Structure formats: structure tokens, C-alpha cells
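Peer 1: Quick one: the structure is below, questions incoming.
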Amino acid sequence: MRANFVASLDGASTVDGKSAPLGSPADHDVFMTLRALCDVVLVGAGTARTENYGGARTVDGHTPPIAVVSHALDLDPAARLFTDTRVRPIVITCATSPALRREALTKVADVVVAGDERVDLRGALDELATRGLRRVLCEGGPHLLGSLASERLLDELCLTLAPMIAGGAAGRIVAGYLPTVVEPMHLLHVLEDNAFLFLRFSTAAA
């Protein structure tokens with residue numbers, strides 16, 4: 001499980017609600033490279049809506065599906081996520097999600113039920129693995145990353161540090177995660193391009 005996020009120097013994960021203003025051409029290259037290396041892209045429903053997600057582009061013949069995590073299933077079957085894609089997306093939900101919405105989404109996506117009252121992320125990852133989707137790339141949002149971290153499911157974090165002060169009321173890359181002990185991560189790589197820093201961390205010692 002690898003996550004890819006961008007943040008400003010003061011910790012903001014978005015500008016005006018979106019992450020794109022924090023990026024750069026090199027950051028986009030990293031984004032595309034990480035997608036080329038994964039089997040599936042995991043994203044929260046809120047991020048998919050805010051960023052107007054479509055399907056991943058094909059790189060060297062490889063097109064990873066987008067897997068969206070949602071309890072409420074507040075997803076429009078006519079959204080780009082389902083209509084602008086080369087491969088069928090995956091919707092990960094739980095048993096208490098609205099049955100009618102779940103049925104509607106089965107027409108445009110593979111729907112995976114993992115957990116009863118909330119999405120069981122570990123169970124969802126196991127289900128993805130049975131489909132041969134073992135290399136998972138999480139692209140957001142902060143609550144999903146927080147849930148993955150709290151359940152000790154995160155293996156690597158690729159963080160782009162943008163050389164800007166964003167200010168405002170933007171949140172950080174993690175939300176809702178309240179650990180009792182600060183977990184150290186180990187720095188594996190640092191790259192620089194036009195003052196942007198590209199950091200790769202692991203939860204395991206190198």
C-alpha cells in the first residue's frame with residue numbers, strides 16, 4: 001500500500017479545495033509514474049467528486065482501475081469516473097450502504113461489499129488481492145489516508161513538498177487519525193526539481 005500526496009510548506013493539502021495548484025510538471029510525472037507501477041488506484045468518494053476523477057490513462061499498455069471507497073454511495077453513475085474510463089471502476093462499500101444506490105452502481109462498476117456498518121479496509125484490500133490487484137496506490141483523501149494509517153495498512157508515502165505558503169483553512173494530508181503514539185517513518189529517497197521536494201518514506205526501516 002503506497003500513498004501519493006502533495007502539501008505546501010505550511011501543511012496545506014489543497015488550495016481552494018483542490019490539490020492541483022500545489023503541483024508542478026515534475027509532480028505530474030511522479031503521479032503518472034506511480035500509477036504506472038500500481039495495480040489499482042484507491043481513492044475516497046469525496047476526493048473523486050472534488051477532483052472530478054476520470055479513469056486512469058493507459059501507460060505502456062497498463063491501465064489501473066480506479067477503486068472508490070464510499071459508505072453513503074453518493075456517486076453519480078453519469079460522472080466521469082464511470083463514463084470516461086478504459087477499464088471498469090470498482091466501488092468499495094459496506095453492507096449498510098443504500099441498496100438502491102448500490103444496485104444502480106452495479107451497472108457501471110464492480111461493487112465490492114466489505115464490512116457491515118463501515119467499510120472494512122483490510123477486507124477490501126484482501127478482495128482486491130484476490131483479483132490480482134496487490135499493488136495499491138492511495139491518492140486521497142485525508143480521511144482515507146488516516147484510516148489506512150490507523151489500521152497499520154500503509155507501507156509507503158510519496159509526498160511532494162511544494163515551495164509555497166498556502167495559508168487559508170485547508171486541511172492536512174491526514175484527517176481523523178488520532179494515534180496514541182507518534183509513528184516514525186523512514187526516509188528512502190529525496191529528489192528536487194525547481195525547489196519542489198519529492199520525498200519517499202516507508203513505515204519499515206530501510
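Here's how to read the names in the C-alpha cells: chain A, B, ... by the order shown, residue numbers from 1 in each chain, ligand numbers from 1 in the order shown.
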Please provide as a ChimeraX atom specification all residues within 6 Å of region 141-144 of chain A, with the sequence filter that same-chain residues fewer than 3 positions apart are discarded (counting only C-alpha atoms).

Peer 2: /A:44,47,147,173-176

Peer 1: How about saving the chosen residues, N, CA and C atoms kept, as a short mmCIF file (atom, residue, chain, number, x, y, z; two decimals), in the first residue's frame?

Peer 2:
```
data_model
loop_
_atom_site.label_atom_id
_atom_site.label_comp_id
_atom_site.auth_asym_id
_atom_site.auth_seq_id
_atom_site.Cartn_x
_atom_site.Cartn_y
_atom_site.Cartn_z
N GLY A 44 -10.93 8.02 -1.99
CA GLY A 44 -12.19 8.24 -1.29
C GLY A 44 -13.21 8.92 -2.19
N THR A 47 -12.91 12.81 -2.55
CA THR A 47 -11.83 13.23 -3.44
C THR A 47 -12.20 12.99 -4.90
N SER A 147 -7.42 6.59 7.85
CA SER A 147 -7.95 5.26 8.18
C SER A 147 -6.93 4.18 7.87
N ILE A 173 -2.72 16.37 5.02
CA ILE A 173 -2.91 15.19 4.18
C ILE A 173 -3.60 14.07 4.94
N VAL A 174 -3.64 14.17 6.27
CA VAL A 174 -4.32 13.16 7.09
C VAL A 174 -5.39 13.83 7.94
N ALA A 175 -6.56 13.20 8.01
CA ALA A 175 -7.64 13.71 8.85
C ALA A 175 -8.25 12.54 9.61
N GLY A 176 -8.66 12.81 10.83
CA GLY A 176 -9.37 11.80 11.61
C GLY A 176 -8.50 10.76 12.27
#
```

Peer 1: For region 11-19 of chain A, please output as a PyMOL selection string all residues within 6 Å (counting only C-alpha atoms; exclusion window: fewer than 4 positions along the same chain).

Peer 2: chain A and resi 7+170-173

Peer 1: Since we have the selection now, will you write its residues out, keeping C-alpha atoms, as a PDB file, in the first residue's frame?

Peer 2:
```pdb
ATOM      1  CA  ALA A   7       1.390  19.527   0.567  1.00  0.00           C
ATOM      2  CA  ALA A 170      -7.041  23.850   4.154  1.00  0.00           C
ATOM      3  CA  GLY A 171      -6.595  20.584   5.996  1.00  0.00           C
ATOM      4  CA  ARG A 172      -3.509  18.387   6.150  1.00  0.00           C
ATOM      5  CA  ILE A 173      -2.906  15.192   4.179  1.00  0.00           C
TER       6      ILE A 173
END
```

Peer 1: Using only C-alpha atoms, find the one residue out of A:Met32, A:Met1, A:Leu199, A:Leu178 that sits nearest to Asp126 (chain A).

Peer 2: A:Met1

Peer 1: Of the candidates A:Arg102, A:Arg134, A:Arg118, A:Lys107, which one gets nearest to Leu37 (chain A) if we count only C-alpha atoms?

Peer 2: A:Arg134

Peer 1: DSSP on the backbone: what in region 2-147 of chain A comes out alpha helix (DSSP H), as an NGL selection string?

Peer 2: :A and (25-37 or 45-50 or 80-83 or 99-105 or 121-130 or 142-147)

Peer 1: If DSSP is run on the backbone, what residues of region 129-194 of chain A are strand (DSSP E)? A reply as a list in words would be ideal.

Peer 2: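 Matching residues for strand (DSSP E) in region 129-194 of chain A are Val136, Leu137, Cys138, Glu156, Leu157, Cys158, Leu159, Thr160, Leu161, Ala162, His186, Leu187, Leu188, His189, Val190, Leu191, Glu192 and Asp193 of chain A.
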
Peer 1: With only C-alpha atoms counted and 7 Å as the cut-off, give the residues of region 94-132 of chain A in contact with region 54-72 of chain A, each with its shortest interatomic distance in Å and the pair that gives it, as CSV.

Peer 2:
```
residue,atom,partner,partner_atom,distance
A:Cys94,CA,A:His71,CA,6.1
A:Ser97,CA,A:His71,CA,5.5
A:Pro98,CA,A:Ala72,CA,6.7
A:Arg118,CA,A:His71,CA,6.7
A:Val119,CA,A:His71,CA,6.7
```

Peer 1: Output C-alpha atoms for every residue in that selection, as a short mmCIF file (atom, residue, chain, number, x, y, z; two decimals), in the first residue's frame.

Peer 2:
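Written file, part05.cif:
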```cif
data_model
loop_
_atom_site.label_atom_id
_atom_site.label_comp_id
_atom_site.auth_asym_id
_atom_site.auth_seq_id
_atom_site.Cartn_x
_atom_site.Cartn_y
_atom_site.Cartn_z
CA CYS A 94 -20.30 -1.76 3.26
CA SER A 97 -24.94 1.33 2.24
CA PRO A 98 -28.16 2.34 0.41
CA ARG A 118 -18.43 0.70 7.93
CA VAL A 119 -16.03 -0.18 5.17
#
```

Peer 1: Mind pulling up the distance from CA of Leu9 (chain A) to CA of Asp193 (chain A)?

Peer 2: 15.2 Å

Peer 1: Pick from A:Ala166, A:Gly46, A:Leu159, A:Thr93: nearest to Phe31 (chain A), with only C-alpha atoms counted?

Peer 2: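 Ranked by minimum distance to Phe31 (chain A), first place goes to A:Leu159.
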
Peer 1: When you count only C-alpha atoms, which of these residues is closest to Val136 (chain A): A:Ala204, A:Ala149, A:Val43, A:Leu22?

Peer 2: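 Nearest candidate to Val136 (chain A) out of A:Ala204, A:Ala149, A:Val43, A:Leu22: A:Val43.
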
Peer 1: Just give me the gap between CA of Glu151 (chain A) and CA of Val112 (chain A) in Å, one decimal is fine.

Peer 2: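 Atom-to-atom, CA of Glu151 (chain A) to CA of Val112 (chain A), that is 19.5 Å.
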
Peer 1: Extract, using only C-alpha atoms, all DNA, RNA and protein residues at most 10 Å from Phe201 (chain A), discarding same-chain residues fewer than 3 positions from it, and format them as a PDB file with C-alpha atoms, in the first residue's frame.

Peer 2:
```pdb
ATOM      1  CA  ARG A   2       1.577   3.218  -1.221  1.00  0.00           C
ATOM      2  CA  ALA A   3       0.066   6.702  -0.858  1.00  0.00           C
ATOM      3  CA  ASP A 155       3.587   0.758   3.641  1.00  0.00           C
ATOM      4  CA  GLU A 156       4.911   3.823   1.807  1.00  0.00           C
ATOM      5  CA  LEU A 157       4.168   7.518   1.482  1.00  0.00           C
ATOM      6  CA  CYS A 158       5.314   9.567  -1.506  1.00  0.00           C
ATOM      7  CA  LEU A 159       4.983  13.226  -0.553  1.00  0.00           C
ATOM      8  CA  PRO A 184       8.058   7.255  12.762  1.00  0.00           C
ATOM      9  CA  MET A 185       8.533   6.818   9.029  1.00  0.00           C
ATOM     10  CA  HIS A 186      11.866   6.178   7.381  1.00  0.00           C
ATOM     11  CA  LEU A 187      13.135   8.358   4.557  1.00  0.00           C
ATOM     12  CA  LEU A 188      14.108   6.335   1.491  1.00  0.00           C
ATOM     13  CA  HIS A 189      14.573   8.928  -1.253  1.00  0.00           C
ATOM     14  CA  VAL A 190      14.704  12.702  -1.786  1.00  0.00           C
ATOM     15  CA  ALA A 204       9.567  -0.159   7.721  1.00  0.00           C
ATOM     16  CA  ALA A 205      13.225   0.527   8.347  1.00  0.00           C
ATOM     17  CA  ALA A 206      15.343   0.509   5.206  1.00  0.00           C
TER      18      ALA A 206
END
```

Peer 1: Restricting the calculation to only C-alpha atoms: of A:Thr33, A:Leu100, A:Asp84, A:Ala162, which residue gets closest to Asp10 (chain A)?

Peer 2: A:Ala162

Peer 1: Would you kindly return, as number ranges by chain, each protein, DNA or RNA residue with an atom no farther than 12 Å from any atom of Thr180 (chain A), considering only C-alpha atoms and excluding same-chain residues fewer than 3 positions away?

Peer 2: A: 150, 177, 183

Peer 1: Measure the distance from CA of Val6 (chain A) to CA of Leu153 (chain A) in Å and round it to one decimal.

Peer 2: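 Going from CA of Val6 (chain A) over to CA of Leu153 (chain A) covers 19.8 Å.
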